[in-house]
Every structure is written in structure tokens, then in C-alpha cells.
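Report on the following structure.
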Amino acid sequence: MKKQLPIILYFLNLFILIGLWWDMSLGGQLPQTLPKLFIELGKLAGILATYQALIQLILIGRIKWVESSFGLDKLSRIHKWNGYLTLV
């Protein structure tokens with residue numbers, strides 16, 4: 001359970017972020033025109049990239065309970081691949 005807690009928190013926060021974006025930005029409905037859809041997808045991409053950048057800080061920030069769960073070497077590898085994901 002100790003290793004699963006940070007993973008559960010990550011996906012819970014991600015779910016909340018996407019849910020809030022859907023409710024506040026779209027009002028629960030898809031945009032009617034293609035340009036508006038692209039604008040909303042761009043907003044979502046920006047929110048997700050910012051979230052991933054914050055996760056980068058948590059991964060390499062040597063937070064005691066996160067480091068004790070995974071170990072610094074594994075966190076460094078996750079940090080590396082999360083950086084690639086953030087850029088994509």
C-alpha cells in the first residue's frame with residue numbers, strides 16, 4: 001500500500017483536473033465548431049503539461065515519504081521519462 005498511495009494520488013488529481021476542466025470550460029458539452037474544439041483541447045494540453053511539470057518537481061524534490069516509497073534511483077528514472085512525456 002505504501003508504494004500505491006503516490007500512484008493513487010497522482011491519478012486522483014489527474015481525474016479531478018480533467019473533471020474540473022470539463023465542467024468549467026465546456027459546461028459538460030462538446031464545442032459545436034472545430035476552432036472552439038481546438039481551443040479547448042489546447043487549454044487541456046496546457047493544464048496537463050503544467051500538472052506534469054509540477055509532478056517533475058515532486059519527483060526530484062526529495063520529499064521524504066515519496067523517496068522512502070520508491071527510492072531515489074527509481075524516482076530519477078521516472079523523472080527522466082516524465083520529462084519526455086511532459087514535452088510530448
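Convention: chains lettered A, B, ... in C-alpha cells order; per-chain residue numbering from 1; ligands numbered from 1 as shown.
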### Query
Can you list every residue in chain A that DSSP puts in alpha helix (DSSP H), as a PyMOL selection string?
chain A and resi 4-21+34-60+64-70+72-87
Hey, what's within 12 Å of Leu72 (chain A) if we count only C-alpha atoms and toss same-chain stuff fewer than 3 positions away? As a PDB file with all heavy atoms, in the first residue's frame, please?
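Full text of out-v7.pdb as output:
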ATOM      1  N   ILE A  58       7.954  17.313  -7.735  1.00  0.00           N
ATOM      2  CA  ILE A  58       7.734  16.379  -6.636  1.00  0.00           C
ATOM      3  C   ILE A  58       8.671  15.179  -6.755  1.00  0.00           C
ATOM      4  O   ILE A  58       9.220  14.703  -5.763  1.00  0.00           O
ATOM      5  CB  ILE A  58       6.255  15.929  -6.603  1.00  0.00           C
ATOM      6  CG1 ILE A  58       5.388  17.107  -6.166  1.00  0.00           C
ATOM      7  CG2 ILE A  58       6.050  14.741  -5.681  1.00  0.00           C
ATOM      8  CD1 ILE A  58       3.905  16.858  -6.283  1.00  0.00           C
ATOM      9  N   LEU A  59       8.873  14.700  -7.975  1.00  0.00           N
ATOM     10  CA  LEU A  59       9.715  13.519  -8.171  1.00  0.00           C
ATOM     11  C   LEU A  59      11.164  13.762  -7.767  1.00  0.00           C
ATOM     12  O   LEU A  59      11.812  12.894  -7.190  1.00  0.00           O
ATOM     13  CB  LEU A  59       9.664  13.068  -9.635  1.00  0.00           C
ATOM     14  CG  LEU A  59       8.370  12.405 -10.085  1.00  0.00           C
ATOM     15  CD1 LEU A  59       8.408  12.178 -11.587  1.00  0.00           C
ATOM     16  CD2 LEU A  59       8.145  11.107  -9.346  1.00  0.00           C
ATOM     17  N   ILE A  60      11.688  14.907  -8.094  1.00  0.00           N
ATOM     18  CA  ILE A  60      13.107  15.152  -7.857  1.00  0.00           C
ATOM     19  C   ILE A  60      13.341  16.019  -6.618  1.00  0.00           C
ATOM     20  O   ILE A  60      14.474  16.276  -6.240  1.00  0.00           O
ATOM     21  CB  ILE A  60      13.769  15.757  -9.121  1.00  0.00           C
ATOM     22  CG1 ILE A  60      15.225  15.360  -9.223  1.00  0.00           C
ATOM     23  CG2 ILE A  60      13.564  17.255  -9.182  1.00  0.00           C
ATOM     24  CD1 ILE A  60      15.456  13.908  -9.436  1.00  0.00           C
ATOM     25  N   GLY A  61      12.249  16.423  -5.938  1.00  0.00           N
ATOM     26  CA  GLY A  61      12.351  17.310  -4.787  1.00  0.00           C
ATOM     27  C   GLY A  61      12.750  16.633  -3.487  1.00  0.00           C
ATOM     28  O   GLY A  61      12.828  17.290  -2.462  1.00  0.00           O
ATOM     29  N   ARG A  62      12.984  15.329  -3.535  1.00  0.00           N
ATOM     30  CA  ARG A  62      13.423  14.553  -2.369  1.00  0.00           C
ATOM     31  C   ARG A  62      12.457  14.673  -1.202  1.00  0.00           C
ATOM     32  O   ARG A  62      12.852  14.822  -0.047  1.00  0.00           O
ATOM     33  CB  ARG A  62      14.825  14.963  -1.953  1.00  0.00           C
ATOM     34  CG  ARG A  62      15.797  14.787  -3.106  1.00  0.00           C
ATOM     35  CD  ARG A  62      17.172  14.537  -2.776  1.00  0.00           C
ATOM     36  NE  ARG A  62      17.357  13.431  -1.845  1.00  0.00           N
ATOM     37  CZ  ARG A  62      18.528  13.063  -1.411  1.00  0.00           C
ATOM     38  NH1 ARG A  62      19.590  13.693  -1.821  1.00  0.00           N
ATOM     39  NH2 ARG A  62      18.653  12.079  -0.570  1.00  0.00           N
ATOM     40  N   ILE A  63      11.167  14.578  -1.523  1.00  0.00           N
ATOM     41  CA  ILE A  63      10.141  14.555  -0.487  1.00  0.00           C
ATOM     42  C   ILE A  63      10.257  13.218   0.238  1.00  0.00           C
ATOM     43  O   ILE A  63      10.283  12.164  -0.387  1.00  0.00           O
ATOM     44  CB  ILE A  63       8.749  14.756  -1.105  1.00  0.00           C
ATOM     45  CG1 ILE A  63       8.689  16.135  -1.759  1.00  0.00           C
ATOM     46  CG2 ILE A  63       7.662  14.591  -0.059  1.00  0.00           C
ATOM     47  CD1 ILE A  63       7.439  16.386  -2.543  1.00  0.00           C
ATOM     48  N   LYS A  64      10.318  13.285   1.552  1.00  0.00           N
ATOM     49  CA  LYS A  64      10.694  12.125   2.353  1.00  0.00           C
ATOM     50  C   LYS A  64       9.785  10.920   2.124  1.00  0.00           C
ATOM     51  O   LYS A  64      10.264   9.812   1.897  1.00  0.00           O
ATOM     52  CB  LYS A  64      10.698  12.513   3.828  1.00  0.00           C
ATOM     53  CG  LYS A  64      11.368  11.504   4.718  1.00  0.00           C
ATOM     54  CD  LYS A  64      11.546  12.037   6.099  1.00  0.00           C
ATOM     55  CE  LYS A  64      12.889  12.734   6.123  1.00  0.00           C
ATOM     56  NZ  LYS A  64      13.348  13.087   7.434  1.00  0.00           N
ATOM     57  N   TRP A  65       8.473  11.088   2.165  1.00  0.00           N
ATOM     58  CA  TRP A  65       7.587   9.925   2.043  1.00  0.00           C
ATOM     59  C   TRP A  65       7.542   9.378   0.621  1.00  0.00           C
ATOM     60  O   TRP A  65       7.313   8.192   0.424  1.00  0.00           O
ATOM     61  CB  TRP A  65       6.189  10.217   2.581  1.00  0.00           C
ATOM     62  CG  TRP A  65       5.402  11.244   1.835  1.00  0.00           C
ATOM     63  CD1 TRP A  65       5.439  12.597   2.009  1.00  0.00           C
ATOM     64  CD2 TRP A  65       4.467  11.006   0.789  1.00  0.00           C
ATOM     65  NE1 TRP A  65       4.579  13.212   1.145  1.00  0.00           N
ATOM     66  CE2 TRP A  65       3.965  12.258   0.380  1.00  0.00           C
ATOM     67  CE3 TRP A  65       3.996   9.865   0.147  1.00  0.00           C
ATOM     68  CZ2 TRP A  65       3.038  12.399  -0.625  1.00  0.00           C
ATOM     69  CZ3 TRP A  65       3.055  10.012  -0.857  1.00  0.00           C
ATOM     70  CH2 TRP A  65       2.582  11.262  -1.228  1.00  0.00           C
ATOM     71  N   VAL A  66       7.773  10.228  -0.384  1.00  0.00           N
ATOM     72  CA  VAL A  66       7.825   9.736  -1.758  1.00  0.00           C
ATOM     73  C   VAL A  66       9.138   8.988  -1.992  1.00  0.00           C
ATOM     74  O   VAL A  66       9.147   7.908  -2.590  1.00  0.00           O
ATOM     75  CB  VAL A  66       7.665  10.897  -2.768  1.00  0.00           C
ATOM     76  CG1 VAL A  66       7.801  10.405  -4.188  1.00  0.00           C
ATOM     77  CG2 VAL A  66       6.333  11.603  -2.572  1.00  0.00           C
ATOM     78  N   GLU A  67      10.235   9.554  -1.488  1.00  0.00           N
ATOM     79  CA  GLU A  67      11.538   8.908  -1.664  1.00  0.00           C
ATOM     80  C   GLU A  67      11.613   7.589  -0.906  1.00  0.00           C
ATOM     81  O   GLU A  67      12.184   6.615  -1.406  1.00  0.00           O
ATOM     82  CB  GLU A  67      12.652   9.843  -1.204  1.00  0.00           C
ATOM     83  CG  GLU A  67      14.032   9.338  -1.520  1.00  0.00           C
ATOM     84  CD  GLU A  67      15.116  10.319  -1.146  1.00  0.00           C
ATOM     85  OE1 GLU A  67      14.807  11.475  -0.830  1.00  0.00           O
ATOM     86  OE2 GLU A  67      16.282   9.916  -1.166  1.00  0.00           O
ATOM     87  N   SER A  68      11.009   7.529   0.266  1.00  0.00           N
ATOM     88  CA  SER A  68      11.048   6.269   1.015  1.00  0.00           C
ATOM     89  C   SER A  68      10.175   5.199   0.365  1.00  0.00           C
ATOM     90  O   SER A  68      10.414   4.007   0.539  1.00  0.00           O
ATOM     91  CB  SER A  68      10.612   6.503   2.463  1.00  0.00           C
ATOM     92  OG  SER A  68       9.250   6.873   2.527  1.00  0.00           O
ATOM     93  N   SER A  69       9.172   5.610  -0.388  1.00  0.00           N
ATOM     94  CA  SER A  69       8.307   4.645  -1.071  1.00  0.00           C
ATOM     95  C   SER A  69       9.007   4.001  -2.264  1.00  0.00           C
ATOM     96  O   SER A  69       8.850   2.809  -2.505  1.00  0.00           O
ATOM     97  CB  SER A  69       7.026   5.319  -1.554  1.00  0.00           C
ATOM     98  OG  SER A  69       6.253   5.748  -0.476  1.00  0.00           O
ATOM     99  N   LEU A  75      13.068   7.118  -8.628  1.00  0.00           N
ATOM    100  CA  LEU A  75      12.450   8.429  -8.851  1.00  0.00           C
ATOM    101  C   LEU A  75      13.182   9.209  -9.936  1.00  0.00           C
ATOM    102  O   LEU A  75      12.558   9.926 -10.711  1.00  0.00           O
ATOM    103  CB  LEU A  75      12.427   9.236  -7.553  1.00  0.00           C
ATOM    104  CG  LEU A  75      11.390   8.826  -6.517  1.00  0.00           C
ATOM    105  CD1 LEU A  75      11.532   9.669  -5.264  1.00  0.00           C
ATOM    106  CD2 LEU A  75       9.996   8.925  -7.069  1.00  0.00           C
ATOM    107  N   SER A  76      14.497   9.071  -9.989  1.00  0.00           N
ATOM    108  CA  SER A  76      15.266   9.759 -11.033  1.00  0.00           C
ATOM    109  C   SER A  76      14.915   9.236 -12.416  1.00  0.00           C
ATOM    110  O   SER A  76      14.785  10.010 -13.372  1.00  0.00           O
ATOM    111  CB  SER A  76      16.757   9.598 -10.784  1.00  0.00           C
ATOM    112  OG  SER A  76      17.123  10.232  -9.592  1.00  0.00           O
ATOM    113  N   ARG A  77      14.736   7.913 -12.532  1.00  0.00           N
ATOM    114  CA  ARG A  77      14.331   7.345 -13.826  1.00  0.00           C
ATOM    115  C   ARG A  77      12.921   7.794 -14.209  1.00  0.00           C
ATOM    116  O   ARG A  77      12.668   8.139 -15.364  1.00  0.00           O
ATOM    117  CB  ARG A  77      14.407   5.824 -13.782  1.00  0.00           C
ATOM    118  CG  ARG A  77      15.798   5.285 -13.895  1.00  0.00           C
ATOM    119  CD  ARG A  77      15.790   3.790 -14.161  1.00  0.00           C
ATOM    120  NE  ARG A  77      15.080   3.053 -13.118  1.00  0.00           N
ATOM    121  CZ  ARG A  77      15.658   2.463 -12.071  1.00  0.00           C
ATOM    122  NH1 ARG A  77      16.975   2.504 -11.963  1.00  0.00           N
ATOM    123  NH2 ARG A  77      14.953   1.829 -11.175  1.00  0.00           N
ATOM    124  N   ILE A  78      12.007   7.785 -13.237  1.00  0.00           N
ATOM    125  CA  ILE A  78      10.644   8.246 -13.512  1.00  0.00           C
ATOM    126  C   ILE A  78      10.667   9.713 -13.909  1.00  0.00           C
ATOM    127  O   ILE A  78       9.956  10.139 -14.827  1.00  0.00           O
ATOM    128  CB  ILE A  78       9.736   8.008 -12.290  1.00  0.00           C
ATOM    129  CG1 ILE A  78       9.585   6.527 -12.006  1.00  0.00           C
ATOM    130  CG2 ILE A  78       8.361   8.626 -12.509  1.00  0.00           C
ATOM    131  CD1 ILE A  78       8.894   6.217 -10.689  1.00  0.00           C
ATOM    132  N   HIS A  79      11.497  10.505 -13.232  1.00  0.00           N
ATOM    133  CA  HIS A  79      11.635  11.935 -13.538  1.00  0.00           C
ATOM    134  C   HIS A  79      12.103  12.133 -14.981  1.00  0.00           C
ATOM    135  O   HIS A  79      11.596  13.006 -15.698  1.00  0.00           O
ATOM    136  CB  HIS A  79      12.628  12.558 -12.556  1.00  0.00           C
ATOM    137  CG  HIS A  79      12.963  13.983 -12.817  1.00  0.00           C
ATOM    138  ND1 HIS A  79      12.134  15.016 -12.452  1.00  0.00           N
ATOM    139  CD2 HIS A  79      14.033  14.541 -13.402  1.00  0.00           C
ATOM    140  CE1 HIS A  79      12.700  16.156 -12.816  1.00  0.00           C
ATOM    141  NE2 HIS A  79      13.858  15.899 -13.392  1.00  0.00           N
TER     142      HIS A  79
END
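The space between CA of Lys43 (chain A) and CA of Asn13 (chain A) spans 17.1 Å.
Here CA of Thr50 (chain A) stands at a distance of 13.6 Å from CA of Tyr10 (chain A).
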| field | Between CA of Leu87 (chain A) and CA of Leu9 (chain A) - distance in Å to one decimal | value |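 Separation between CA of Leu9 (chain A) and CA of Leu87 (chain A): 22.1 Å.
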